[in-house]
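Just below is one structure, and these are the notes that go with it.
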Amino acid sequence: MDIDINLKFFSFTRRISIPRKWIQYGIIAAVTGVAMAAAYWGSMLVMFALIALPIGIAGIYFFFRQPNLLYPFILVGGMFIPFAGPGGVNVSVLGILLLIGIWVMDMFVVKREFKFLYTRTIRPLLYFMGISVVAFAVGQISWFPFANQAPMDAQIGGFVIYLILPLIMLITPNLIKDLYWLKIVFWVFIGFSMIYVFARTLELSIADRLFTNAYVANSMLWTWLSALLVSQIIYNHELGWRMRGMLIAFAALVFYVAMIQQNDWKSGWVPPAVAALTLVGLRFKKLTIVAIPFAIAIGIYLAQDLISTDQYSWGTRVDAWLVVLDISRVSPIIGLGFANYYYYAKVFTIRGYHIKFNSHSQFVDIIAQTGILGLLCFFWILFEVGKLAWDLSLRLKDGFARGYAYGVLAGVVGCLMASFLVDWVLPFTYNIGMNGIRASVLPWIFFGGLITIEQIFLSQPQSASSNIRERLLR
């Protein structure tokens, strides 16, 4: 049986027919070539590369046919596959790059139309990416004559992080256009992450061997587990009692691991707790108003207690923030470029030492790398996502979509707290690094999923019956 291939590129169209015998000859030649290469070099690595090449090509073709499957691949690959290449490049990063490549090819080669979903939530995202491009160019200027700049690979790595994570948020509503795929992403994240939570609860050592450390030791994992589980429990009134009971058990185990087993790790339990308290506060608004003075008092007490138990860490953090902000004064509007401040820090002193260090703050990192403009756009992104989540939570009927909207709203609050502690949302090259994208991709995927829900809601005619809309939004 012959294989016919139709090639179409803009106005060029051609049909190619491959006879069956030539396919057979090709397979024989490929197998022979692999065997000869392996025999000549005698390397298992070469053998593996030669075998992996056709599998990789087949995988790319498969994902091109169904790009939405890359979302589970990005999540699960980041959880379980420990591969980390140069600069921390990992399976999640490769999956994101492949997703971006497929999306771009689909626009320019298949559809031949540069068009994507544009909403007010997307606008600050585009500005932020544009500012990042300018900041990368500005980063080639040597701001301090007596200090080295960051190596080009570190600058490129930082720039890629600031580019591909927002791009995931942009691409998601253009590919995931219904709740079916959004639910798949949701349950893949919850289901596989809970395997780790169960194993940690039982203190099984296999948990740390099975899951990658960069995934489980990232605040975004615990923040979004908390936000999405608690939001479905409280606001999804379509859940049956069995499903609700299961999610309650999941949430209880998450907080047991986060707040009891790893209590010393502030980023592991403070942002999830803030996200959960936000959801409870929104559910019981009258009680929340009465409890505000007590909550402020408790918050001040806990903050003082947390600082007093780790005074050296907090003291050095504040010193680092002040020094990095002082470094950034030479280019406050657009920043110093990516990773540069880490090397410029040696010109300054921190507690009497000339050393390289990072700020351990998302906000300070953004100012140092992309300036005040970058920080304003970052806040603008979170504000627009939070506003959209709030609007949808008030307009949607009971069901998964409404719970999801509340979950993203709480996730935004949790991200703000996590950003204050460390660079969890947009990893810094010399701290969380590109390897942290395994979990740092989570908020950007779920932000994009919120826009998907918005488009589903807006696509329904205003005169449609409430029953139809409710069925579509569950």
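Ordering of the structure tokens sets the chain letters (A, B, ...), residue numbers begin anew at 1 in every chain, and ligands are numbered from 1 in the order given.
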(request) Write out as a list in words each polymer residue whose atoms come within 10 Å of A:Leu388, counting only C-alpha atoms; drop sequence neighbours fewer than 3 positions from it. (result)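 The contact residues come out as Arg120, Thr121, Leu382, Phe383, Glu384, Val385, Asp391, Leu392, Ser393, Ala405, Val408, Leu409, Phe447, Leu450, Ile451 and Glu454 of chain A.
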Store the residues of this selection in a file with N, CA and C atoms, as a PDB file, in the first residue's frame.
```
ATOM      1  N   ARG A 120      -8.805  41.730  27.604  1.00  0.00           N
ATOM      2  CA  ARG A 120      -8.139  42.707  28.453  1.00  0.00           C
ATOM      3  C   ARG A 120      -7.167  42.026  29.421  1.00  0.00           C
ATOM      4  N   THR A 121      -7.386  40.735  29.693  1.00  0.00           N
ATOM      5  CA  THR A 121      -6.456  39.992  30.542  1.00  0.00           C
ATOM      6  C   THR A 121      -5.161  39.698  29.806  1.00  0.00           C
ATOM      7  N   LEU A 382      -1.730  40.095  37.391  1.00  0.00           N
ATOM      8  CA  LEU A 382      -2.416  39.482  38.527  1.00  0.00           C
ATOM      9  C   LEU A 382      -3.730  40.187  38.833  1.00  0.00           C
ATOM     10  N   PHE A 383      -3.742  41.512  38.676  1.00  0.00           N
ATOM     11  CA  PHE A 383      -4.988  42.259  38.920  1.00  0.00           C
ATOM     12  C   PHE A 383      -6.067  41.866  37.915  1.00  0.00           C
ATOM     13  N   GLU A 384      -5.710  41.800  36.639  1.00  0.00           N
ATOM     14  CA  GLU A 384      -6.697  41.460  35.610  1.00  0.00           C
ATOM     15  C   GLU A 384      -7.198  40.027  35.774  1.00  0.00           C
ATOM     16  N   VAL A 385      -6.297  39.109  36.110  1.00  0.00           N
ATOM     17  CA  VAL A 385      -6.716  37.724  36.345  1.00  0.00           C
ATOM     18  C   VAL A 385      -7.633  37.657  37.558  1.00  0.00           C
ATOM     19  N   ASP A 391     -15.301  38.419  38.723  1.00  0.00           N
ATOM     20  CA  ASP A 391     -16.495  38.646  37.897  1.00  0.00           C
ATOM     21  C   ASP A 391     -17.162  37.319  37.525  1.00  0.00           C
ATOM     22  N   LEU A 392     -16.358  36.343  37.128  1.00  0.00           N
ATOM     23  CA  LEU A 392     -16.923  35.059  36.739  1.00  0.00           C
ATOM     24  C   LEU A 392     -17.525  34.319  37.921  1.00  0.00           C
ATOM     25  N   SER A 393     -16.890  34.427  39.078  1.00  0.00           N
ATOM     26  CA  SER A 393     -17.414  33.736  40.256  1.00  0.00           C
ATOM     27  C   SER A 393     -18.794  34.246  40.640  1.00  0.00           C
ATOM     28  N   ALA A 405     -13.165  29.283  39.075  1.00  0.00           N
ATOM     29  CA  ALA A 405     -12.972  30.733  39.115  1.00  0.00           C
ATOM     30  C   ALA A 405     -12.570  31.184  40.513  1.00  0.00           C
ATOM     31  N   VAL A 408      -8.912  30.173  41.149  1.00  0.00           N
ATOM     32  CA  VAL A 408      -7.914  31.051  40.537  1.00  0.00           C
ATOM     33  C   VAL A 408      -7.804  32.356  41.319  1.00  0.00           C
ATOM     34  N   LEU A 409      -8.939  32.881  41.795  1.00  0.00           N
ATOM     35  CA  LEU A 409      -8.909  34.096  42.601  1.00  0.00           C
ATOM     36  C   LEU A 409      -8.054  33.888  43.852  1.00  0.00           C
ATOM     37  N   PHE A 447      -4.234  30.309  34.910  1.00  0.00           N
ATOM     38  CA  PHE A 447      -4.678  31.645  34.495  1.00  0.00           C
ATOM     39  C   PHE A 447      -5.280  31.566  33.090  1.00  0.00           C
ATOM     40  N   LEU A 450      -8.707  30.080  33.006  1.00  0.00           N
ATOM     41  CA  LEU A 450      -9.771  31.006  33.404  1.00  0.00           C
ATOM     42  C   LEU A 450     -10.293  31.781  32.200  1.00  0.00           C
ATOM     43  N   ILE A 451      -9.397  32.160  31.306  1.00  0.00           N
ATOM     44  CA  ILE A 451      -9.832  32.860  30.085  1.00  0.00           C
ATOM     45  C   ILE A 451     -10.660  31.926  29.213  1.00  0.00           C
ATOM     46  N   GLU A 454     -14.049  32.118  30.550  1.00  0.00           N
ATOM     47  CA  GLU A 454     -14.650  33.398  30.144  1.00  0.00           C
ATOM     48  C   GLU A 454     -15.191  33.321  28.724  1.00  0.00           C
TER      49      GLU A 454
END
```
(message) When you count only C-alpha atoms, which of these residues is closest to A:Phe211: A:Ile81, A:Ile445, A:Leu175, A:Ala418?
(response) A:Ile81
(request) Considering only C-alpha atoms, state which residue in the set A:Thr370, A:Asn340, A:Gln149, A:Ser419 is at the smallest distance from A:Pro271. (result) A:Ser419
(message) I'd like to know which of A:Phe144, A:Phe250, A:Tyr162, A:Trp321 is closest to A:Gly374, using only C-alpha atoms.
(response)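 Nearest to A:Gly374: A:Tyr162.
Atom to atom, atom CA of A:Leu396 and atom CA of A:Leu117 stand 21.1 Å apart.
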(message) Run DSSP on the backbone and tell me which residues of stretch 184-422 of chain A come out as helix (DSSP H, G or I); list them as an MDAnalysis selection string.
(response) chainID A and resid 184:201 206:210 213:216 219:235 241:261 266:283 285:308 311:330 340:347 362:395 400:421
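For A:Gly433, the non-local neighbours within 10 Å, defined as residues at least 4 positions apart in the same chain or in other chains and counting only C-alpha atoms, are Gly87, Gly88, Val89, Ala154, Gly157, Gly158, Ile161, Ala214, Asp423, Trp424, Leu426, Pro427, Phe428, Thr429 and Ile437 of chain A.
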(message) Under the rule that only C-alpha atoms are counted, which of A:Val138, A:Ile234, A:Ile366, A:Leu165 is the nearest residue to A:Val422?
(response)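 Between A:Val138, A:Ile234, A:Ile366, A:Leu165, the residue approaching A:Val422 most closely is A:Ile366.
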Residues within 10 Å of A:Ala345, only C-alpha atoms, excluding chain neighbours under 3 positions, as a PDB file with N, CA, C and O atoms, in the first residue's frame:
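Result written to out_14.pdb:
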```pdb
ATOM      1  N   ALA A 147      32.617  45.511  37.165  1.00  0.00           N
ATOM      2  CA  ALA A 147      31.906  44.265  37.462  1.00  0.00           C
ATOM      3  C   ALA A 147      31.622  43.502  36.174  1.00  0.00           C
ATOM      4  O   ALA A 147      31.405  44.097  35.115  1.00  0.00           O
ATOM      5  N   ASN A 148      31.654  42.189  36.258  1.00  0.00           N
ATOM      6  CA  ASN A 148      31.313  41.353  35.111  1.00  0.00           C
ATOM      7  C   ASN A 148      29.808  41.288  34.927  1.00  0.00           C
ATOM      8  O   ASN A 148      29.044  41.390  35.889  1.00  0.00           O
ATOM      9  N   ALA A 320      19.484  42.065  51.549  1.00  0.00           N
ATOM     10  CA  ALA A 320      19.624  41.754  50.122  1.00  0.00           C
ATOM     11  C   ALA A 320      18.674  42.609  49.283  1.00  0.00           C
ATOM     12  O   ALA A 320      19.055  43.110  48.217  1.00  0.00           O
ATOM     13  N   VAL A 323      20.119  46.151  48.991  1.00  0.00           N
ATOM     14  CA  VAL A 323      21.288  46.227  48.118  1.00  0.00           C
ATOM     15  C   VAL A 323      20.886  46.093  46.649  1.00  0.00           C
ATOM     16  O   VAL A 323      21.354  46.858  45.792  1.00  0.00           O
ATOM     17  N   VAL A 324      20.019  45.128  46.347  1.00  0.00           N
ATOM     18  CA  VAL A 324      19.597  44.923  44.954  1.00  0.00           C
ATOM     19  C   VAL A 324      18.834  46.141  44.435  1.00  0.00           C
ATOM     20  O   VAL A 324      19.018  46.568  43.287  1.00  0.00           O
ATOM     21  N   ASP A 326      19.311  49.144  45.448  1.00  0.00           N
ATOM     22  CA  ASP A 326      20.340  50.164  45.260  1.00  0.00           C
ATOM     23  C   ASP A 326      21.074  49.954  43.940  1.00  0.00           C
ATOM     24  O   ASP A 326      21.364  50.918  43.210  1.00  0.00           O
ATOM     25  N   ILE A 327      21.374  48.692  43.609  1.00  0.00           N
ATOM     26  CA  ILE A 327      22.001  48.381  42.327  1.00  0.00           C
ATOM     27  C   ILE A 327      21.104  48.816  41.168  1.00  0.00           C
ATOM     28  O   ILE A 327      21.564  49.353  40.154  1.00  0.00           O
ATOM     29  N   ASN A 340      21.915  39.873  35.515  1.00  0.00           N
ATOM     30  CA  ASN A 340      23.087  40.734  35.662  1.00  0.00           C
ATOM     31  C   ASN A 340      23.313  41.187  37.095  1.00  0.00           C
ATOM     32  O   ASN A 340      24.458  41.281  37.545  1.00  0.00           O
ATOM     33  N   TYR A 341      22.241  41.495  37.815  1.00  0.00           N
ATOM     34  CA  TYR A 341      22.435  42.042  39.152  1.00  0.00           C
ATOM     35  C   TYR A 341      23.153  41.056  40.063  1.00  0.00           C
ATOM     36  O   TYR A 341      23.821  41.458  41.037  1.00  0.00           O
ATOM     37  N   TYR A 342      23.057  39.782  39.783  1.00  0.00           N
ATOM     38  CA  TYR A 342      23.727  38.760  40.579  1.00  0.00           C
ATOM     39  C   TYR A 342      25.247  38.962  40.554  1.00  0.00           C
ATOM     40  O   TYR A 342      25.938  38.716  41.546  1.00  0.00           O
ATOM     41  N   PHE A 348      29.067  45.840  45.453  1.00  0.00           N
ATOM     42  CA  PHE A 348      28.481  46.372  46.683  1.00  0.00           C
ATOM     43  C   PHE A 348      28.825  45.432  47.836  1.00  0.00           C
ATOM     44  O   PHE A 348      29.380  44.350  47.641  1.00  0.00           O
ATOM     45  N   THR A 349      28.488  45.853  49.030  1.00  0.00           N
ATOM     46  CA  THR A 349      28.747  45.011  50.204  1.00  0.00           C
ATOM     47  C   THR A 349      27.432  44.663  50.885  1.00  0.00           C
ATOM     48  O   THR A 349      26.517  45.480  50.946  1.00  0.00           O
ATOM     49  N   ILE A 350      27.359  43.433  51.374  1.00  0.00           N
ATOM     50  CA  ILE A 350      26.233  43.019  52.190  1.00  0.00           C
ATOM     51  C   ILE A 350      26.805  42.450  53.479  1.00  0.00           C
ATOM     52  O   ILE A 350      27.530  41.451  53.469  1.00  0.00           O
ATOM     53  N   HIS A 354      31.811  41.171  49.960  1.00  0.00           N
ATOM     54  CA  HIS A 354      31.620  41.363  48.529  1.00  0.00           C
ATOM     55  C   HIS A 354      31.348  39.991  47.910  1.00  0.00           C
ATOM     56  O   HIS A 354      32.286  39.249  47.574  1.00  0.00           O
ATOM     57  N   ILE A 355      30.107  39.645  47.768  1.00  0.00           N
ATOM     58  CA  ILE A 355      29.733  38.325  47.266  1.00  0.00           C
ATOM     59  C   ILE A 355      28.586  38.454  46.275  1.00  0.00           C
ATOM     60  O   ILE A 355      27.880  39.467  46.231  1.00  0.00           O
ATOM     61  N   LYS A 356      28.401  37.398  45.489  1.00  0.00           N
ATOM     62  CA  LYS A 356      27.242  37.320  44.603  1.00  0.00           C
ATOM     63  C   LYS A 356      26.069  36.719  45.374  1.00  0.00           C
ATOM     64  O   LYS A 356      26.247  35.774  46.136  1.00  0.00           O
ATOM     65  N   PHE A 357      24.886  37.276  45.193  1.00  0.00           N
ATOM     66  CA  PHE A 357      23.708  36.755  45.886  1.00  0.00           C
ATOM     67  C   PHE A 357      22.459  37.136  45.111  1.00  0.00           C
ATOM     68  O   PHE A 357      22.490  38.019  44.249  1.00  0.00           O
ATOM     69  N   ASN A 358      21.350  36.458  45.402  1.00  0.00           N
ATOM     70  CA  ASN A 358      20.069  36.822  44.798  1.00  0.00           C
ATOM     71  C   ASN A 358      19.156  37.395  45.868  1.00  0.00           C
ATOM     72  O   ASN A 358      19.409  37.244  47.064  1.00  0.00           O
TER      73      ASN A 358
END
```
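Nearest-residue note for A:Leu229: choosing from A:Ile156, A:Ala275, A:Ala207, A:Leu167, the minimum distance belongs to A:Ala275, counting only C-alpha atoms.
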